[in-house]
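Participant: Could you have a look at this structure, given as structure tokens, before my questions?
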2 protein chains.
Amino acid sequence: MNKNPKRKMQTRSNLIDSFWLLYKKRHIRDISVRDIVELSGYNRSTFYEYFTDVYDLMDQIELHIIELLKDEMVRNLQDTEDPDIINRMDLFFKKNGEYLSVLLGEKGDPAFAVKLKAAIKPVLMQVLQLPKLDYESQLLFEFSLGGLLSALTYWYSDGMKIDSAEYSKIIKNILSNGSLKIVREMMR
Amino acid sequence: MNKNPKRKMQTRSNLIDSFWLLYKKRHIRDISVRDIVELSGYNRSTFYEYFTDVYDLMDQIELHIIELLKDEMVRNLQDTEDPDIINRMDLFFKKNGEYLSVLLGEKGDPAFAVKLKAAIKPVLMQVLQLPKLDYESQLLFEFSLGGLLSALTYWYSDGMKIDSAEYSKIIKNILSNGSLKIVREMMR
DNA sequence: AATTATTATGCAACACAATGTCGGATATTT
DNA sequence: AAATATCCGACATTGTGTTGCATAATAATT
């Protein structure tokens, strides 16, 4: 294999692109191998040269995004003394926002959020020097990251109606002061 | 139709139960109508008398849970002066925990979290008297509820290793003081 | 440089499984 | 005994995954 790597890369990329075009609109359960190869112009068998099934294709996209995120995180931790995690995450979200918002959204893959959290967890735990085995820090992590991803997905899916700076300010406020305090202030 | 409502209810219930037995272990994409009727002993056609497909069955389960939650919330808002929302949610989670943790979990349905939030949103917004159209309160809601559901799912899926009281204490602490403050305290 | 040998890449066709929809059999209620 | 709700068998269609083969691109040989 791999006699013509360029062509192979191209074919793979075409298949992925066609899938994504469909996935942006439809639920993955309504996307058949037929649909994908029809759109990209290949034979159905060709698909199976590259992926075992439609879900495998999605997994490979997810794996790619996770890799990008890991790289980004490693780079960020090196070149900054104050790791402004929220801003960094926003930035990453803007770059790969379409993929992320679809995969994290209503028609997305719940397993992706789990993978994403698992990738971020060790890095964040290390940066914040949280006690790993402590149940409170586990819950804190789950809560905070779950909240962050929910908010990001909402913001992005809703068309990013406020700008990045304002968004960051709000999220930082929540993280710094806690939801209840802010609610109390709002009620006044 | 409905000449024998008892039988019909029973059949429907049997089909749902068989589905759930499979769904607890497998991903929904790997569950065929065949699998369900084989387990419950019905003909495949019978399935289609009750549901349009496997996903419709899941939707009906989800709808049922959402209804239960709404009822619970309405009842709670009536009989208490201090609506301790977190405790109430835990209680509800314990009652319907298996369904919730599966549907919200890794092999679950991302649309369910969206539906759940949408059901809770109007009630909560009213109780807290938050300004509906304010973008900050939208984000606050998404963040907090996203965080709560993530933490609950983690706690439950992990086998509820700490008891309910302790769990509530931790979550309340996060909600009251904010994640960052707690992290700072932990680092000391 | 031209031609042949090699093999990576893509395809047509096959067997099988799953889907959804009939019309009809059966069993339960009235 | 009559009526009809409930369930089932059989059909056509669509989707899946695999096999062996054609084609086109590279490498080898002269």
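As shown in the structure tokens, the chain order sets the letters A, B, ...; within each chain, residues go from 1, and ligands are also counted from 1 in the order they appear.
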Tell me, as a PyMOL selection string, which residues lie within 12 Å of range 13-28 of chain D, counting only C-alpha atoms (C1' of nucleotides); anything in the same chain fewer than 3 positions away does not count.

Facilitator: (chain A and resi 2-7+30-35+44-49+51-54) or (chain C and resi 3-21)

Participant: Which residues in range 47-104 of chain B does DSSP call alpha helix (DSSP H)? List them as an MDAnalysis selection string.

Facilitator: chainID B and resid 47:50 54:79 85:95 97:104

Participant: Could you please take those selected residues and save N, CA and C atoms as a short mmCIF file (atom, residue, chain, number, x, y, z; two decimals), in the first residue's frame?

Facilitator:
```cif
data_model
loop_
_atom_site.label_atom_id
_atom_site.label_comp_id
_atom_site.auth_asym_id
_atom_site.auth_seq_id
_atom_site.Cartn_x
_atom_site.Cartn_y
_atom_site.Cartn_z
N PHE B 47 -43.60 -4.60 16.66
CA PHE B 47 -42.83 -3.43 17.09
C PHE B 47 -43.34 -2.17 16.42
N TYR B 48 -43.63 -2.31 15.11
CA TYR B 48 -44.01 -1.12 14.33
C TYR B 48 -45.42 -0.64 14.63
N GLU B 49 -46.20 -1.45 15.37
CA GLU B 49 -47.50 -0.99 15.85
C GLU B 49 -47.32 0.07 16.94
N TYR B 50 -46.17 0.00 17.61
CA TYR B 50 -45.97 0.85 18.77
C TYR B 50 -44.97 1.98 18.54
N VAL B 54 -36.31 2.35 16.31
CA VAL B 54 -35.66 2.23 17.62
C VAL B 54 -35.46 3.60 18.27
N TYR B 55 -35.17 4.60 17.45
CA TYR B 55 -34.95 5.94 17.99
C TYR B 55 -36.24 6.55 18.52
N ASP B 56 -37.35 6.19 17.89
CA ASP B 56 -38.65 6.66 18.37
C ASP B 56 -38.92 6.09 19.76
N LEU B 57 -38.57 4.84 19.96
CA LEU B 57 -38.73 4.23 21.29
C LEU B 57 -37.93 5.01 22.33
N MET B 58 -36.69 5.31 21.98
CA MET B 58 -35.86 6.07 22.91
C MET B 58 -36.48 7.45 23.18
N ASP B 59 -36.96 8.10 22.15
CA ASP B 59 -37.60 9.40 22.32
C ASP B 59 -38.77 9.33 23.29
N GLN B 60 -39.53 8.26 23.19
CA GLN B 60 -40.69 8.13 24.08
C GLN B 60 -40.26 7.94 25.52
N ILE B 61 -39.18 7.20 25.72
CA ILE B 61 -38.62 7.09 27.07
C ILE B 61 -38.20 8.47 27.58
N GLU B 62 -37.50 9.19 26.73
CA GLU B 62 -37.02 10.52 27.11
C GLU B 62 -38.19 11.44 27.47
N LEU B 63 -39.20 11.41 26.64
CA LEU B 63 -40.39 12.24 26.88
C LEU B 63 -41.01 11.93 28.23
N HIS B 64 -41.05 10.65 28.54
CA HIS B 64 -41.61 10.21 29.82
C HIS B 64 -40.82 10.78 30.99
N ILE B 65 -39.51 10.66 30.91
CA ILE B 65 -38.64 11.20 31.97
C ILE B 65 -38.84 12.70 32.12
N ILE B 66 -38.89 13.39 31.00
CA ILE B 66 -39.07 14.84 31.04
C ILE B 66 -40.39 15.20 31.73
N GLU B 67 -41.43 14.43 31.43
CA GLU B 67 -42.73 14.68 32.07
C GLU B 67 -42.64 14.49 33.58
N LEU B 68 -41.99 13.39 33.99
CA LEU B 68 -41.80 13.14 35.42
C LEU B 68 -41.08 14.31 36.08
N LEU B 69 -40.06 14.78 35.42
CA LEU B 69 -39.27 15.89 35.97
C LEU B 69 -40.11 17.14 36.11
N LYS B 70 -40.90 17.43 35.08
CA LYS B 70 -41.76 18.62 35.13
C LYS B 70 -42.73 18.53 36.30
N ASP B 71 -43.38 17.37 36.44
CA ASP B 71 -44.31 17.17 37.55
C ASP B 71 -43.61 17.42 38.88
N GLU B 72 -42.46 16.79 39.02
CA GLU B 72 -41.67 16.91 40.24
C GLU B 72 -41.38 18.38 40.55
N MET B 73 -41.01 19.10 39.53
CA MET B 73 -40.65 20.50 39.73
C MET B 73 -41.86 21.33 40.15
N VAL B 74 -42.97 21.10 39.49
CA VAL B 74 -44.19 21.83 39.83
C VAL B 74 -44.57 21.57 41.28
N ARG B 75 -44.52 20.29 41.67
CA ARG B 75 -44.86 19.93 43.04
C ARG B 75 -43.92 20.60 44.05
N ASN B 76 -42.64 20.61 43.72
CA ASN B 76 -41.65 21.19 44.62
C ASN B 76 -41.84 22.68 44.81
N LEU B 77 -42.20 23.34 43.73
CA LEU B 77 -42.33 24.79 43.81
C LEU B 77 -43.54 25.19 44.64
N GLN B 78 -44.49 24.26 44.74
CA GLN B 78 -45.68 24.57 45.53
C GLN B 78 -45.43 24.45 47.02
N ASP B 79 -44.83 23.35 47.42
CA ASP B 79 -44.83 23.02 48.84
C ASP B 79 -43.59 23.45 49.62
N ILE B 85 -32.96 23.65 45.10
CA ILE B 85 -32.97 23.02 43.79
C ILE B 85 -31.99 21.86 43.67
N ILE B 86 -30.83 22.05 44.26
CA ILE B 86 -29.79 21.02 44.11
C ILE B 86 -30.22 19.72 44.77
N ASN B 87 -30.72 19.84 46.02
CA ASN B 87 -31.21 18.65 46.71
C ASN B 87 -32.33 17.98 45.93
N ARG B 88 -33.24 18.79 45.41
CA ARG B 88 -34.36 18.26 44.65
C ARG B 88 -33.88 17.50 43.43
N MET B 89 -32.91 18.06 42.77
CA MET B 89 -32.39 17.41 41.57
C MET B 89 -31.71 16.09 41.93
N ASP B 90 -30.99 16.07 43.03
CA ASP B 90 -30.35 14.83 43.47
C ASP B 90 -31.40 13.76 43.74
N LEU B 91 -32.45 14.19 44.44
CA LEU B 91 -33.52 13.27 44.76
C LEU B 91 -34.12 12.68 43.50
N PHE B 92 -34.39 13.56 42.58
CA PHE B 92 -34.96 13.11 41.31
C PHE B 92 -33.99 12.17 40.60
N PHE B 93 -32.74 12.50 40.69
CA PHE B 93 -31.72 11.69 40.04
C PHE B 93 -31.65 10.30 40.65
N LYS B 94 -31.84 10.24 41.96
CA LYS B 94 -31.80 8.93 42.60
C LYS B 94 -32.95 8.06 42.14
N LYS B 95 -34.14 8.67 42.05
CA LYS B 95 -35.33 7.93 41.63
C LYS B 95 -35.19 7.43 40.20
N GLY B 97 -32.43 7.62 38.35
CA GLY B 97 -31.01 7.73 38.06
C GLY B 97 -30.52 6.86 36.93
N GLU B 98 -31.03 5.64 36.87
CA GLU B 98 -30.52 4.74 35.85
C GLU B 98 -30.80 5.28 34.45
N TYR B 99 -32.04 5.67 34.24
CA TYR B 99 -32.40 6.25 32.95
C TYR B 99 -31.55 7.49 32.65
N LEU B 100 -31.51 8.39 33.62
CA LEU B 100 -30.80 9.65 33.41
C LEU B 100 -29.32 9.44 33.13
N SER B 101 -28.70 8.58 33.93
CA SER B 101 -27.25 8.46 33.77
C SER B 101 -26.89 7.81 32.44
N VAL B 102 -27.75 6.90 31.98
CA VAL B 102 -27.49 6.30 30.68
C VAL B 102 -27.71 7.31 29.56
N LEU B 103 -28.85 8.00 29.63
CA LEU B 103 -29.18 8.95 28.56
C LEU B 103 -28.23 10.14 28.52
N LEU B 104 -27.71 10.52 29.68
CA LEU B 104 -26.78 11.65 29.72
C LEU B 104 -25.33 11.22 29.54
#
```

Participant: Do a neighbour search on range 182-185 of chain A at 9 Å with only C-alpha atoms (C1' of nucleotides), toss out local chain neighbours closer than 6 positions, and write the hits as a compact mmCIF listing (two decimals) with all heavy atoms, in the first residue's frame.

Facilitator:
```
# COMPACT_ATOMS: atom_id res chain seq x y z
N ASN A 173 -16.33 35.63 35.29
CA ASN A 173 -17.13 36.07 36.43
C ASN A 173 -17.81 34.89 37.11
O ASN A 173 -17.78 34.77 38.34
CB ASN A 173 -18.18 37.08 35.93
CG ASN A 173 -18.95 37.71 37.09
OD1 ASN A 173 -18.47 37.77 38.22
ND2 ASN A 173 -20.17 38.16 36.80
N ILE A 174 -18.38 34.01 36.30
CA ILE A 174 -19.03 32.82 36.87
C ILE A 174 -18.02 31.95 37.61
O ILE A 174 -18.25 31.51 38.74
CB ILE A 174 -19.73 31.99 35.77
CG1 ILE A 174 -20.78 32.82 35.04
CG2 ILE A 174 -20.38 30.74 36.38
CD1 ILE A 174 -21.44 32.10 33.88
N LEU B 128 -35.96 32.08 39.87
CA LEU B 128 -34.84 32.97 40.19
C LEU B 128 -35.09 34.39 39.70
O LEU B 128 -34.31 35.29 39.95
CB LEU B 128 -33.55 32.43 39.58
CG LEU B 128 -33.15 31.02 40.03
CD1 LEU B 128 -31.92 30.54 39.29
CD2 LEU B 128 -32.88 31.02 41.54
N GLN B 129 -36.17 34.56 38.97
CA GLN B 129 -36.53 35.87 38.42
C GLN B 129 -35.39 36.50 37.64
O GLN B 129 -35.07 37.67 37.80
CB GLN B 129 -36.96 36.80 39.54
CG GLN B 129 -38.27 36.34 40.19
CD GLN B 129 -38.73 37.29 41.27
OE1 GLN B 129 -37.98 37.61 42.18
NE2 GLN B 129 -39.95 37.75 41.14
N LEU B 130 -34.79 35.68 36.81
CA LEU B 130 -33.70 36.20 35.98
C LEU B 130 -34.28 36.90 34.75
O LEU B 130 -35.32 36.51 34.26
CB LEU B 130 -32.79 35.06 35.52
CG LEU B 130 -31.95 34.38 36.60
CD1 LEU B 130 -31.14 33.25 35.99
CD2 LEU B 130 -31.03 35.39 37.27
N SER B 137 -27.50 36.02 31.56
CA SER B 137 -28.25 35.01 32.30
C SER B 137 -28.44 33.73 31.48
O SER B 137 -28.51 32.64 32.04
CB SER B 137 -29.60 35.55 32.78
OG SER B 137 -30.33 36.07 31.71
N LEU B 140 -25.16 32.01 31.96
CA LEU B 140 -25.12 31.55 33.35
C LEU B 140 -25.93 30.27 33.50
O LEU B 140 -25.50 29.29 34.12
CB LEU B 140 -25.69 32.63 34.27
CG LEU B 140 -25.69 32.31 35.77
CD1 LEU B 140 -24.28 32.11 36.27
CD2 LEU B 140 -26.37 33.43 36.54
```

Participant: What does the distance from CA of Glu106 in chain B to CA of Ile36 in chain B come to in Å, to one decimal?

Facilitator: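 If I compute the distance from CA of Glu106 in chain B to CA of Ile36 in chain B, I get 21.5 Å.
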
Participant: Please report as a PyMOL selection string which residues of chain A come no farther than 9 Å from chain B, using only C-alpha atoms.

Facilitator: chain A and resi 29+104-114+128-131+135-152+154-155+161-162+167+170-184+186-187

Participant: How many Å separate CA of Leu39 in chain B from CA of Lys24 in chain B?

Facilitator: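 Spanning CA of Leu39 in chain B to CA of Lys24 in chain B is a straight-line distance of 14.2 Å.
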
Participant: Identify every residue of chain D that has at least one atom within 12 Å of any atom of chain B, counting only C-alpha atoms (C1' of nucleotides), and report the result as an mmCIF file with N, CA, C and O atoms (P, O5', C5', C4', C3', O3' and C1' of nucleotides), in the first residue's frame.

Facilitator:
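Written file, part28.cif:
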```
data_model
loop_
_atom_site.group_PDB
_atom_site.id
_atom_site.type_symbol
_atom_site.label_atom_id
_atom_site.label_comp_id
_atom_site.auth_asym_id
_atom_site.auth_seq_id
_atom_site.Cartn_x
_atom_site.Cartn_y
_atom_site.Cartn_z
ATOM 1 P P DA D 3 -71.101 -8.345 13.266
ATOM 2 O "O5'" DA D 3 -69.932 -7.733 14.149
ATOM 3 C "C5'" DA D 3 -70.249 -7.087 15.391
ATOM 4 C "C4'" DA D 3 -68.973 -6.526 16.005
ATOM 5 C "C3'" DA D 3 -68.051 -5.810 15.015
ATOM 6 O "O3'" DA D 3 -67.550 -4.643 15.644
ATOM 7 C "C1'" DA D 3 -66.865 -7.540 16.082
ATOM 8 P P DT D 4 -66.824 -3.486 14.779
ATOM 9 O "O5'" DT D 4 -65.334 -3.520 15.303
ATOM 10 C "C5'" DT D 4 -65.046 -3.592 16.709
ATOM 11 C "C4'" DT D 4 -63.613 -4.072 16.901
ATOM 12 C "C3'" DT D 4 -62.628 -3.574 15.832
ATOM 13 O "O3'" DT D 4 -61.388 -3.306 16.457
ATOM 14 C "C1'" DT D 4 -62.422 -5.844 16.060
ATOM 15 P P DA D 5 -60.914 -1.793 16.754
ATOM 16 O "O5'" DA D 5 -59.921 -1.971 17.986
ATOM 17 C "C5'" DA D 5 -60.374 -2.593 19.172
ATOM 18 C "C4'" DA D 5 -59.320 -3.529 19.749
ATOM 19 C "C3'" DA D 5 -57.875 -3.041 19.663
ATOM 20 O "O3'" DA D 5 -57.222 -3.459 20.863
ATOM 21 C "C1'" DA D 5 -58.064 -5.089 18.504
ATOM 22 P P DT D 6 -55.758 -2.981 21.199
ATOM 23 O "O5'" DT D 6 -54.842 -4.187 20.701
ATOM 24 C "C5'" DT D 6 -54.888 -5.419 21.403
ATOM 25 C "C4'" DT D 6 -54.157 -6.486 20.618
ATOM 26 C "C3'" DT D 6 -52.681 -6.212 20.312
ATOM 27 O "O3'" DT D 6 -51.913 -7.110 21.104
ATOM 28 C "C1'" DT D 6 -53.805 -7.238 18.488
ATOM 29 P P DC D 7 -50.328 -7.053 21.096
ATOM 30 O "O5'" DC D 7 -49.965 -8.097 19.943
ATOM 31 C "C5'" DC D 7 -50.383 -9.455 20.075
ATOM 32 C "C4'" DC D 7 -50.210 -10.161 18.748
ATOM 33 C "C3'" DC D 7 -48.767 -10.210 18.220
ATOM 34 O "O3'" DC D 7 -48.332 -11.567 18.241
ATOM 35 C "C1'" DC D 7 -50.341 -9.711 16.503
ATOM 36 P P DC D 8 -46.836 -11.928 17.842
ATOM 37 O "O5'" DC D 8 -46.978 -12.396 16.330
ATOM 38 C "C5'" DC D 8 -47.880 -13.455 16.006
ATOM 39 C "C4'" DC D 8 -47.995 -13.595 14.500
ATOM 40 C "C3'" DC D 8 -46.670 -13.767 13.759
ATOM 41 O "O3'" DC D 8 -46.704 -15.004 13.069
ATOM 42 C "C1'" DC D 8 -48.062 -12.159 12.693
ATOM 43 P P DG D 9 -45.361 -15.681 12.575
ATOM 44 O "O5'" DG D 9 -45.563 -15.700 10.977
ATOM 45 C "C5'" DG D 9 -46.814 -16.096 10.441
ATOM 46 C "C4'" DG D 9 -46.811 -15.949 8.927
ATOM 47 C "C3'" DG D 9 -45.501 -16.285 8.228
ATOM 48 O "O3'" DG D 9 -45.812 -16.911 6.974
ATOM 49 C "C1'" DG D 9 -46.017 -13.991 7.871
ATOM 50 P P DA D 10 -44.647 -17.254 5.937
ATOM 51 O "O5'" DA D 10 -44.721 -16.038 4.896
ATOM 52 C "C5'" DA D 10 -45.984 -15.597 4.398
ATOM 53 C "C4'" DA D 10 -45.782 -14.498 3.360
ATOM 54 C "C3'" DA D 10 -44.523 -14.647 2.508
ATOM 55 O "O3'" DA D 10 -44.825 -14.190 1.200
ATOM 56 C "C1'" DA D 10 -44.428 -12.606 3.645
#
```

Participant: So how many Å separate CA of Asn96 in chain A and CA of Tyr156 in chain A, to one decimal?

Facilitator: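 Atom-to-atom, CA of Asn96 in chain A to CA of Tyr156 in chain A, that is 11.0 Å.
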